[in-house]
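Novice: Input structure: model34.pdb, which contains PDB, C-alpha atoms, pLDDT in the B column.
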ATOM      1  CA  MET A 184      86.735  92.214 113.966  1.00 84.00           C
ATOM      2  CA  PRO A 185      89.734  94.228 115.206  1.00 91.00           C
ATOM      3  CA  THR A 186      89.382  97.952 115.765  1.00 92.00           C
ATOM      4  CA  GLN A 187      91.227 100.502 113.681  1.00 92.00           C
ATOM      5  CA  ALA A 188      93.527 101.097 116.653  1.00 92.00           C
ATOM      6  CA  GLU A 189      94.320  97.374 116.916  1.00 94.00           C
ATOM      7  CA  MET A 190      95.063  97.116 113.201  1.00 95.00           C
ATOM      8  CA  LYS A 191      97.326 100.160 113.314  1.00 95.00           C
ATOM      9  CA  ALA A 192      99.132  98.805 116.379  1.00 96.00           C
ATOM     10  CA  ALA A 193      99.786  95.617 114.410  1.00 97.00           C
ATOM     11  CA  LEU A 194     101.176  97.653 111.507  1.00 97.00           C
ATOM     12  CA  GLN A 195     103.508  99.512 113.861  1.00 97.00           C
ATOM     13  CA  ALA A 196     104.640  96.220 115.405  1.00 98.00           C
ATOM     14  CA  TYR A 197     105.189  94.875 111.892  1.00 98.00           C
ATOM     15  CA  VAL A 198     107.665  97.650 111.094  1.00 98.00           C
ATOM     16  CA  GLU A 199     109.437  97.418 114.454  1.00 98.00           C
ATOM     17  CA  LEU A 200     109.754  93.633 114.361  1.00 98.00           C
ATOM     18  CA  PHE A 201     111.054  93.682 110.789  1.00 98.00           C
ATOM     19  CA  ASN A 202     113.646  96.312 111.582  1.00 98.00           C
ATOM     20  CA  ALA A 203     114.699  94.428 114.737  1.00 98.00           C
ATOM     21  CA  GLY A 204     115.193  91.244 112.704  1.00 98.00           C
ATOM     22  CA  ASN A 205     112.638  89.470 114.899  1.00 98.00           C
ATOM     23  CA  LEU A 206     111.467  86.859 112.410  1.00 98.00           C
ATOM     24  CA  ASP A 207     109.464  84.796 114.913  1.00 98.00           C
ATOM     25  CA  GLY A 208     107.651  87.853 116.212  1.00 98.00           C
ATOM     26  CA  LEU A 209     106.876  89.046 112.707  1.00 98.00           C
ATOM     27  CA  ALA A 210     105.504  85.662 111.659  1.00 98.00           C
ATOM     28  CA  GLU A 211     103.287  85.622 114.760  1.00 98.00           C
ATOM     29  CA  LEU A 212     101.460  88.703 113.453  1.00 98.00           C
ATOM     30  CA  TYR A 213     100.141  86.535 110.623  1.00 98.00           C
ATOM     31  CA  ALA A 214      97.281  84.051 110.677  1.00 98.00           C
ATOM     32  CA  GLU A 215      98.165  80.392 110.127  1.00 98.00           C
ATOM     33  CA  ASP A 216      96.499  80.518 106.709  1.00 98.00           C
ATOM     34  CA  ALA A 217      97.775  83.956 105.736  1.00 98.00           C
ATOM     35  CA  VAL A 218      98.423  84.881 102.111  1.00 98.00           C
ATOM     36  CA  VAL A 219     101.160  87.338 101.122  1.00 98.00           C
ATOM     37  CA  GLU A 220     101.398  88.765  97.587  1.00 97.00           C
ATOM     38  CA  ASP A 221     104.543  90.904  97.380  1.00 97.00           C
ATOM     39  CA  PRO A 222     104.586  92.581  94.967  1.00 95.00           C
ATOM     40  CA  VAL A 223     101.018  92.501  93.655  1.00 95.00           C
ATOM     41  CA  GLY A 224     100.985  90.510  90.431  1.00 91.00           C
ATOM     42  CA  THR A 225     103.424  87.801  91.561  1.00 93.00           C
ATOM     43  CA  PRO A 226     102.583  84.319  92.931  1.00 95.00           C
ATOM     44  CA  PRO A 227     101.473  84.589  96.567  1.00 97.00           C
ATOM     45  CA  GLN A 228     103.018  82.924  99.623  1.00 98.00           C
ATOM     46  CA  ARG A 229     100.382  80.778 101.316  1.00 98.00           C
ATOM     47  CA  GLY A 230     100.488  79.809 104.981  1.00 98.00           C
ATOM     48  CA  ARG A 231     102.539  81.138 107.871  1.00 97.00           C
ATOM     49  CA  ALA A 232     105.514  78.863 107.172  1.00 97.00           C
ATOM     50  CA  ALA A 233     105.859  80.132 103.595  1.00 98.00           C
ATOM     51  CA  VAL A 234     105.310  83.683 104.763  1.00 98.00           C
ATOM     52  CA  LYS A 235     108.054  83.282 107.338  1.00 98.00           C
ATOM     53  CA  GLU A 236     110.532  82.072 104.712  1.00 98.00           C
ATOM     54  CA  PHE A 237     109.608  85.060 102.567  1.00 98.00           C
ATOM     55  CA  TYR A 238     110.489  87.420 105.426  1.00 98.00           C
ATOM     56  CA  ARG A 239     113.651  85.485 106.268  1.00 98.00           C
ATOM     57  CA  ALA A 240     114.882  86.276 102.755  1.00 97.00           C
ATOM     58  CA  ALA A 241     113.675  89.873 102.967  1.00 97.00           C
ATOM     59  CA  MET A 242     115.483  90.448 106.256  1.00 98.00           C
ATOM     60  CA  ALA A 243     118.657  88.886 104.819  1.00 97.00           C
ATOM     61  CA  THR A 244     118.869  91.745 102.302  1.00 96.00           C
ATOM     62  CA  GLY A 245     119.687  94.107 105.178  1.00 97.00           C
ATOM     63  CA  SER A 246     116.806  96.385 104.220  1.00 98.00           C
ATOM     64  CA  ARG A 247     114.872  98.507 106.676  1.00 98.00           C
ATOM     65  CA  LEU A 248     111.300  99.786 106.565  1.00 98.00           C
ATOM     66  CA  GLN A 249     110.603 103.483 107.002  1.00 98.00           C
ATOM     67  CA  VAL A 250     107.037 104.734 107.445  1.00 98.00           C
ATOM     68  CA  VAL A 251     106.325 107.848 105.367  1.00 97.00           C
ATOM     69  CA  ALA A 252     102.687 108.634 106.215  1.00 97.00           C
ATOM     70  CA  PRO A 253     100.192 107.617 108.898  1.00 96.00           C
ATOM     71  CA  ALA A 254      98.626 104.205 108.365  1.00 96.00           C
ATOM     72  CA  ARG A 255      95.114 104.288 106.916  1.00 96.00           C
ATOM     73  CA  GLY A 256      92.335 102.227 108.490  1.00 90.00           C
ATOM     74  CA  SER A 257      88.871 101.474 107.242  1.00 79.00           C
ATOM     75  CA  HIS A 258      85.375 100.669 108.429  1.00 76.00           C
ATOM     76  CA  GLY A 259      86.083  97.082 107.456  1.00 80.00           C
ATOM     77  CA  ASN A 260      88.903  94.723 108.309  1.00 92.00           C
ATOM     78  CA  ALA A 261      91.650  96.386 106.273  1.00 95.00           C
ATOM     79  CA  ALA A 262      94.449  98.857 106.858  1.00 97.00           C
ATOM     80  CA  VAL A 263      97.188 100.320 104.688  1.00 97.00           C
ATOM     81  CA  LEU A 264     100.852 100.817 105.591  1.00 98.00           C
ATOM     82  CA  VAL A 265     102.606 103.517 103.529  1.00 98.00           C
ATOM     83  CA  PHE A 266     106.378 103.166 103.665  1.00 98.00           C
ATOM     84  CA  GLN A 267     109.710 102.915 101.932  1.00 98.00           C
ATOM     85  CA  VAL A 268     112.042  99.948 101.895  1.00 98.00           C
ATOM     86  CA  VAL A 269     115.541 101.359 102.452  1.00 98.00           C
ATOM     87  CA  LEU A 270     118.219  99.096 101.007  1.00 97.00           C
ATOM     88  CA  PRO A 271     121.770  98.936 102.378  1.00 96.00           C
ATOM     89  CA  ASN A 272     123.053 100.808  99.293  1.00 95.00           C
ATOM     90  CA  GLY A 273     120.635 103.662  99.959  1.00 95.00           C
ATOM     91  CA  ALA A 274     118.125 102.783  97.252  1.00 96.00           C
ATOM     92  CA  ARG A 275     114.487 103.195  98.279  1.00 97.00           C
ATOM     93  CA  ILE A 276     111.343 101.440  97.138  1.00 97.00           C
ATOM     94  CA  ASN A 277     107.982 103.191  97.529  1.00 97.00           C
ATOM     95  CA  VAL A 278     105.444 100.656  98.788  1.00 98.00           C
ATOM     96  CA  ALA A 279     101.876 100.519 100.103  1.00 98.00           C
ATOM     97  CA  ASP A 280     100.913  97.314 101.903  1.00 98.00           C
ATOM     98  CA  VAL A 281      97.190  96.574 102.068  1.00 97.00           C
ATOM     99  CA  MET A 282      96.563  94.201 104.965  1.00 97.00           C
ATOM    100  CA  THR A 283      93.354  92.494 105.978  1.00 97.00           C
ATOM    101  CA  PHE A 284      92.803  91.088 109.458  1.00 97.00           C
ATOM    102  CA  ASN A 285      90.854  88.161 110.820  1.00 97.00           C
ATOM    103  CA  ASP A 286      88.641  88.198 113.895  1.00 95.00           C
ATOM    104  CA  ASP A 287      91.606  87.288 116.095  1.00 95.00           C
ATOM    105  CA  GLY A 288      93.450  90.407 114.986  1.00 96.00           C
ATOM    106  CA  LYS A 289      95.974  88.419 112.942  1.00 98.00           C
ATOM    107  CA  ILE A 290      96.968  89.495 109.429  1.00 98.00           C
ATOM    108  CA  ALA A 291      94.950  87.355 107.014  1.00 98.00           C
ATOM    109  CA  SER A 292      96.360  88.818 103.818  1.00 98.00           C
ATOM    110  CA  MET A 293      98.980  91.281 102.712  1.00 98.00           C
ATOM    111  CA  ARG A 294      99.271  92.753  99.223  1.00 97.00           C
ATOM    112  CA  ALA A 295     102.327  94.919  98.572  1.00 97.00           C
ATOM    113  CA  HIS A 296     101.787  97.531  95.888  1.00 97.00           C
ATOM    114  CA  TRP A 297     105.079  98.442  94.218  1.00 96.00           C
ATOM    115  CA  GLY A 298     106.778  97.893  90.911  1.00 92.00           C
ATOM    116  CA  PRO A 299     110.040  98.555  89.056  1.00 90.00           C
ATOM    117  CA  GLU A 300     109.176 102.218  88.604  1.00 92.00           C
ATOM    118  CA  ASP A 301     108.727 102.662  92.364  1.00 95.00           C
ATOM    119  CA  VAL A 302     112.435 102.153  92.958  1.00 94.00           C
ATOM    120  CA  GLU A 303     114.512 105.257  93.681  1.00 93.00           C
ATOM    121  CA  GLY A 304     118.158 104.416  93.042  1.00 91.00           C
ATOM    122  CA  SER A 305     119.583 101.062  91.958  1.00 86.00           C
ATOM    123  CA  LEU A 306     118.601  97.659  93.328  1.00 78.00           C
ATOM    124  CA  GLY A 307     121.880  96.168  92.020  1.00 69.00           C
TER     125      GLY A 307
ATOM    126  CA  MET B  92      97.106  96.338  80.434  1.00 84.00           C
ATOM    127  CA  PRO B  93      98.208  99.911  81.143  1.00 91.00           C
ATOM    128  CA  THR B  94     101.811 100.603  82.129  1.00 92.00           C
ATOM    129  CA  GLN B  95     102.764 101.886  85.552  1.00 92.00           C
ATOM    130  CA  ALA B  96     103.399 105.294  83.969  1.00 92.00           C
ATOM    131  CA  GLU B  97      99.920 105.337  82.425  1.00 94.00           C
ATOM    132  CA  MET B  98      98.277 104.378  85.718  1.00 95.00           C
ATOM    133  CA  LYS B  99     100.206 107.047  87.593  1.00 95.00           C
ATOM    134  CA  ALA B 100      99.306 109.651  84.975  1.00 96.00           C
ATOM    135  CA  ALA B 101      95.656 108.735  85.509  1.00 97.00           C
ATOM    136  CA  LEU B 102      96.062 109.169  89.271  1.00 97.00           C
ATOM    137  CA  GLN B 103      97.602 112.597  88.759  1.00 97.00           C
ATOM    138  CA  ALA B 104      94.780 113.559  86.408  1.00 98.00           C
ATOM    139  CA  TYR B 105      92.306 112.292  89.010  1.00 98.00           C
ATOM    140  CA  VAL B 106      93.645 114.719  91.628  1.00 98.00           C
ATOM    141  CA  GLU B 107      93.853 117.644  89.202  1.00 98.00           C
ATOM    142  CA  LEU B 108      90.358 117.119  87.779  1.00 98.00           C
ATOM    143  CA  PHE B 109      88.847 116.757  91.248  1.00 98.00           C
ATOM    144  CA  ASN B 110      90.502 119.934  92.474  1.00 98.00           C
ATOM    145  CA  ALA B 111      89.440 121.790  89.322  1.00 98.00           C
ATOM    146  CA  GLY B 112      85.831 120.719  89.870  1.00 98.00           C
ATOM    147  CA  ASN B 113      85.837 119.023  86.460  1.00 98.00           C
ATOM    148  CA  LEU B 114      83.180 116.394  87.116  1.00 98.00           C
ATOM    149  CA  ASP B 115      82.841 115.255  83.492  1.00 98.00           C
ATOM    150  CA  GLY B 116      86.583 114.829  83.139  1.00 98.00           C
ATOM    151  CA  LEU B 117      86.824 112.921  86.391  1.00 98.00           C
ATOM    152  CA  ALA B 118      83.980 110.568  85.434  1.00 98.00           C
ATOM    153  CA  GLU B 119      85.689 109.916  82.089  1.00 98.00           C
ATOM    154  CA  LEU B 120      88.649 108.380  83.929  1.00 98.00           C
ATOM    155  CA  TYR B 121      86.338 105.578  85.029  1.00 98.00           C
ATOM    156  CA  ALA B 122      85.169 102.553  83.052  1.00 98.00           C
ATOM    157  CA  GLU B 123      81.440 102.347  82.241  1.00 98.00           C
ATOM    158  CA  ASP B 124      81.097  99.453  84.707  1.00 98.00           C
ATOM    159  CA  ALA B 125      83.387 100.905  87.380  1.00 98.00           C
ATOM    160  CA  VAL B 126      82.858 100.138  91.060  1.00 98.00           C
ATOM    161  CA  VAL B 127      83.756 102.657  93.790  1.00 98.00           C
ATOM    162  CA  GLU B 128      83.837 101.668  97.471  1.00 97.00           C
ATOM    163  CA  ASP B 129      84.550 104.791  99.518  1.00 97.00           C
ATOM    164  CA  PRO B 130      85.272 104.162 102.302  1.00 95.00           C
ATOM    165  CA  VAL B 131      86.051 100.439 102.290  1.00 95.00           C
ATOM    166  CA  GLY B 132      83.323  98.654 104.195  1.00 91.00           C
ATOM    167  CA  THR B 133      80.426 100.713 102.837  1.00 93.00           C
ATOM    168  CA  PRO B 134      78.055  99.835  99.953  1.00 95.00           C
ATOM    169  CA  PRO B 135      79.808 100.436  96.606  1.00 97.00           C
ATOM    170  CA  GLN B 136      78.728 102.737  93.786  1.00 98.00           C
ATOM    171  CA  ARG B 137      78.281 100.680  90.613  1.00 98.00           C
ATOM    172  CA  GLY B 138      78.532 102.114  87.114  1.00 98.00           C
ATOM    173  CA  ARG B 139      79.853 105.419  85.833  1.00 97.00           C
ATOM    174  CA  ALA B 140      76.593 107.289  86.391  1.00 97.00           C
ATOM    175  CA  ALA B 141      76.485 106.349  90.091  1.00 98.00           C
ATOM    176  CA  VAL B 142      80.173 107.084  90.419  1.00 98.00           C
ATOM    177  CA  LYS B 143      79.645 110.513  88.876  1.00 98.00           C
ATOM    178  CA  GLU B 144      76.900 111.343  91.392  1.00 98.00           C
ATOM    179  CA  PHE B 145      79.206 110.241  94.183  1.00 98.00           C
ATOM    180  CA  TYR B 146      81.857 112.710  93.015  1.00 98.00           C
ATOM    181  CA  ARG B 147      79.295 115.454  92.463  1.00 98.00           C
ATOM    182  CA  ALA B 148      78.475 115.226  96.168  1.00 97.00           C
ATOM    183  CA  ALA B 149      82.146 115.000  97.128  1.00 97.00           C
ATOM    184  CA  MET B 150      83.025 118.105  95.114  1.00 98.00           C
ATOM    185  CA  ALA B 151      80.089 119.960  96.674  1.00 97.00           C
ATOM    186  CA  THR B 152      81.760 119.682 100.086  1.00 96.00           C
ATOM    187  CA  GLY B 153      84.428 122.094  98.884  1.00 97.00           C
ATOM    188  CA  SER B 154      87.171 119.634  99.773  1.00 98.00           C
ATOM    189  CA  ARG B 155      90.482 119.392  97.975  1.00 98.00           C
ATOM    190  CA  LEU B 156      92.840 116.449  97.500  1.00 98.00           C
ATOM    191  CA  GLN B 157      96.484 116.780  98.477  1.00 98.00           C
ATOM    192  CA  VAL B 158      98.983 114.076  97.522  1.00 98.00           C
ATOM    193  CA  VAL B 159     101.353 113.222 100.386  1.00 97.00           C
ATOM    194  CA  ALA B 160     103.598 110.525  98.876  1.00 97.00           C
ATOM    195  CA  PRO B 161     104.408 109.248  95.381  1.00 96.00           C
ATOM    196  CA  ALA B 162     101.774 106.932  93.927  1.00 96.00           C
ATOM    197  CA  ARG B 163     102.652 103.252  94.119  1.00 96.00           C
ATOM    198  CA  GLY B 164     102.282 101.031  91.049  1.00 90.00           C
ATOM    199  CA  SER B 165     102.451  97.284  90.760  1.00 79.00           C
ATOM    200  CA  HIS B 166     103.343  94.533  88.319  1.00 76.00           C
ATOM    201  CA  GLY B 167      99.626  94.007  87.860  1.00 80.00           C
ATOM    202  CA  ASN B 168      96.815  96.369  86.976  1.00 92.00           C
ATOM    203  CA  ALA B 169      96.676  98.287  90.269  1.00 95.00           C
ATOM    204  CA  ALA B 170      98.064 101.505  91.671  1.00 97.00           C
ATOM    205  CA  VAL B 171      97.721 103.319  94.977  1.00 97.00           C
ATOM    206  CA  LEU B 172      97.137 107.035  95.559  1.00 98.00           C
ATOM    207  CA  VAL B 173      98.272 108.272  98.984  1.00 98.00           C
ATOM    208  CA  PHE B 174      96.678 111.586  99.890  1.00 98.00           C
ATOM    209  CA  GLN B 175      94.744 113.758 102.298  1.00 98.00           C
ATOM    210  CA  VAL B 176      91.281 115.189 101.789  1.00 98.00           C
ATOM    211  CA  VAL B 177      91.478 118.786 102.980  1.00 98.00           C
ATOM    212  CA  LEU B 178      88.088 120.099 104.074  1.00 97.00           C
ATOM    213  CA  PRO B 179      87.109 123.769 103.944  1.00 96.00           C
ATOM    214  CA  ASN B 180      87.361 123.979 107.763  1.00 95.00           C
ATOM    215  CA  GLY B 181      90.957 122.715 107.651  1.00 95.00           C
ATOM    216  CA  ALA B 182      90.209 119.176 108.809  1.00 96.00           C
ATOM    217  CA  ARG B 183      92.182 116.494 107.002  1.00 97.00           C
ATOM    218  CA  ILE B 184      91.389 112.869 106.261  1.00 97.00           C
ATOM    219  CA  ASN B 185      94.242 110.424 105.623  1.00 97.00           C
ATOM    220  CA  VAL B 186      93.280 108.197 102.700  1.00 98.00           C
ATOM    221  CA  ALA B 187      94.822 105.570 100.426  1.00 98.00           C
ATOM    222  CA  ASP B 188      92.885 104.808  97.235  1.00 98.00           C
ATOM    223  CA  VAL B 189      93.601 101.442  95.642  1.00 97.00           C
ATOM    224  CA  MET B 190      92.613 101.623  91.974  1.00 97.00           C
ATOM    225  CA  THR B 191      92.564  98.868  89.391  1.00 97.00           C
ATOM    226  CA  PHE B 192      92.581  99.549  85.668  1.00 97.00           C
ATOM    227  CA  ASN B 193      91.120  97.786  82.665  1.00 97.00           C
ATOM    228  CA  ASP B 194      92.894  97.138  79.387  1.00 95.00           C
ATOM    229  CA  ASP B 195      91.703 100.489  78.033  1.00 95.00           C
ATOM    230  CA  GLY B 196      93.469 102.306  80.868  1.00 96.00           C
ATOM    231  CA  LYS B 197      90.186 103.253  82.553  1.00 98.00           C
ATOM    232  CA  ILE B 198      89.697 102.893  86.312  1.00 98.00           C
ATOM    233  CA  ALA B 199      87.774  99.650  86.843  1.00 98.00           C
ATOM    234  CA  SER B 200      87.587  99.850  90.626  1.00 98.00           C
ATOM    235  CA  MET B 201      88.496 102.209  93.431  1.00 98.00           C
ATOM    236  CA  ARG B 202      88.607 101.297  97.101  1.00 97.00           C
ATOM    237  CA  ALA B 203      89.241 104.170  99.503  1.00 97.00           C
ATOM    238  CA  HIS B 204      90.912 103.104 102.736  1.00 97.00           C
ATOM    239  CA  TRP B 205      90.051 105.485 105.554  1.00 96.00           C
ATOM    240  CA  GLY B 206      87.949 105.490 108.673  1.00 92.00           C
ATOM    241  CA  PRO B 207      86.801 107.722 111.527  1.00 90.00           C
ATOM    242  CA  GLU B 208      90.219 107.524 113.196  1.00 92.00           C
ATOM    243  CA  ASP B 209      91.940 108.795 110.057  1.00 95.00           C
ATOM    244  CA  VAL B 210      90.333 112.213 110.465  1.00 94.00           C
ATOM    245  CA  GLU B 211      92.563 114.996 111.800  1.00 93.00           C
ATOM    246  CA  GLY B 212      90.342 117.783 113.112  1.00 91.00           C
ATOM    247  CA  SER B 213      86.554 117.877 113.054  1.00 86.00           C
ATOM    248  CA  LEU B 214      84.311 116.882 110.156  1.00 78.00           C
ATOM    249  CA  GLY B 215      81.443 118.901 111.631  1.00 69.00           C
TER     250      GLY B 215
END
Using the file provided, produce a representation of the structure as structure tokens.
Specialist:
Amino acid sequence: MPTQAEMKAALQAYVELFNAGNLDGLAELYAEDAVVEDPVGTPPQRGRAAVKEFYRAAMATGSRLQVVAPARGSHGNAAVLVFQVVLPNGARINVADVMTFNDDGKIASMRAHWGPEDVEGSLG
Amino acid sequence: MPTQAEMKAALQAYVELFNAGNLDGLAELYAEDAVVEDPVGTPPQRGRAAVKEFYRAAMATGSRLQVVAPARGSHGNAAVLVFQVVLPNGARINVADVMTFNDDGKIASMRAHWGPEDVEGSLG
């Protein structure tokens, strides 16, 4: 099981790789059988290939991720990233990603908590 | 299923009732069969009576809750409270509570994400 420090380092890398447009590097943070549910309540992406396509589309929006509070760890295999998605038009989405990790330190699952009322500004 | 606004109102009430030392009011936010895992990775409290005893002990520490970012909702039945626990000695614990709600708008489950490395200052 990864340490809290290892999980938080992965979360920091996640933000940096996303903002650098490094799709391959971002996908490598995930386990081969990773599951991504973004936002919570929508059909999940299953497997690294599907996850990668999800992030390809997300990066294409020109959005950036901005951390707004220190990541939270846990005694278990989970950590939480608290951030905003900043869209090119200046709109912001308040999000909390709950990530679980496998024994290799790869992200096994990601659940993004946000909804329509977490948007500040217009998505259009 | 409660709306995002209803879930966020419950989270705000949660903070206010905790800080007011209103144990009965806080317990009433929870479903009869609620499960609280605080922190994630430790044995959960099951049922409102056990949950109430958990909060009785938490309130007895003299700690206060301080919200540090807007609560996050979701399309589903979950919402996330991002806050610090402020201890009487000034130490702070960075926490994210993931709560799910039942159809009556009561908290069905709470999982508190924090660990030893999320403590700023000394717990002792």
Novice: What does the structure give for the distance between atom CA of Gly208 of chain A and atom CA of Tyr238 of chain A, in Å to one decimal?
Specialist: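 One can read the atom CA of Gly208 of chain A to atom CA of Tyr238 of chain A distance as 11.2 Å.
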Novice: Please, what is the axis-aligned box for every listed atom of segment 265-276 of chain A with 3 Å on each side, as centre and edge lengths in Å to one decimal, as JSON?
Specialist:
{"center_x": 112.8, "center_y": 101.3, "center_z": 100.4, "size_x": 26.4, "size_y": 10.7, "size_z": 12.5}
Novice: Name every residue that the PyMOL selection byres ((chain A and resi 222) around 9) selects in this structure, writing the answer as a short mmCIF file (atom, residue, chain, number, x, y, z; two decimals) with C-alpha atoms, in the frame of the given file with chains first and numbers rising.
Specialist:
data_model
loop_
_atom_site.label_atom_id
_atom_site.label_comp_id
_atom_site.auth_asym_id
_atom_site.auth_seq_id
_atom_site.Cartn_x
_atom_site.Cartn_y
_atom_site.Cartn_z
CA VAL A 219 101.16 87.34 101.12
CA GLU A 220 101.40 88.76 97.59
CA ASP A 221 104.54 90.90 97.38
CA VAL A 223 101.02 92.50 93.66
CA GLY A 224 100.98 90.51 90.43
CA THR A 225 103.42 87.80 91.56
CA PRO A 226 102.58 84.32 92.93
CA PRO A 227 101.47 84.59 96.57
CA VAL A 278 105.44 100.66 98.79
CA ARG A 294 99.27 92.75 99.22
CA ALA A 295 102.33 94.92 98.57
CA HIS A 296 101.79 97.53 95.89
CA TRP A 297 105.08 98.44 94.22
CA GLY A 298 106.78 97.89 90.91
CA SER B 165 102.45 97.28 90.76
CA HIS B 166 103.34 94.53 88.32
CA GLY B 167 99.63 94.01 87.86
#
Novice: Taking the file as shown, find all residues satisfying the PyMOL selection byres ((chain B and resi 158) around 8) and write them as a PyMOL selection string.
Specialist: chain B and resi 106+156-157+159-161+172-175
Novice: Which value, in Å to one decimal, gives the distance between atom CA of Arg247 of chain A and atom CA of Val189 of chain B?
Specialist: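 Taking atom CA of Arg247 of chain A and atom CA of Val189 of chain B, their separation equals 24.1 Å.
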Novice: Which residue, A:Leu194, A:Ala233, A:Met242, A:Ala261, has the smallest gap to chain B when you use only C-alpha atoms?
Specialist: A:Ala261
Novice: Here is a test: counting all atoms listed in the file, which residue of A:Met282, A:Ala291, A:Leu306, A:Val269 is nearest to chain B?
Specialist: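 Among the listed residues, the smallest separation from chain B belongs to A:Met282.
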Novice: Tell me, in Å to one decimal, how far atom CA of Gly181 of chain B is from atom CA of Tyr121 of chain B.
Specialist: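 Atom-to-atom, atom CA of Gly181 of chain B to atom CA of Tyr121 of chain B, that is 28.8 Å.
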Novice: Report the residues retrieved by the PyMOL selection byres ((chain B and resi 125) around 10) from the displayed file, expressed as a ChimeraX atom specification.
Specialist: /B:118,120-124,126-127,135-142,191-193,197-201
Novice: Nearest residue to chain B out of A:Asn205, A:Thr186, A:Ser246, A:Ser305, using only C-alpha atoms?
Specialist: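 Of A:Asn205, A:Thr186, A:Ser246, A:Ser305, the one nearest chain B is A:Thr186, counting only C-alpha atoms.
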Novice: Name the residues in contact with Asp286 of chain A at a cut-off of 10 Å, using only C-alpha atoms, excluding same-chain residues fewer than 6 positions from it; report them as a count of residues only.
Specialist: 4
Novice: Let me make sure I understand: among A:Glu211, A:Lys235, A:Gly304, A:Asn277, which one has the smallest atom-to-atom distance to chain B if we use only C-alpha atoms?
Specialist: A:Asn277
Novice: For Ala187 of chain B, which residue among B:Gly112, B:Thr152, B:Arg147, B:Ala162 is the nearest when counting only C-alpha atoms?
Specialist: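 Closest to Ala187 of chain B, using only C-alpha atoms: B:Ala162.
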Novice: Of the candidates A:Ala241, A:Val263, A:Asp287, A:Leu270, which one gets nearest to chain B if we count all atoms listed in the file?
Specialist: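 Using all atoms listed in the file, the shortest distance to chain B belongs to A:Val263.
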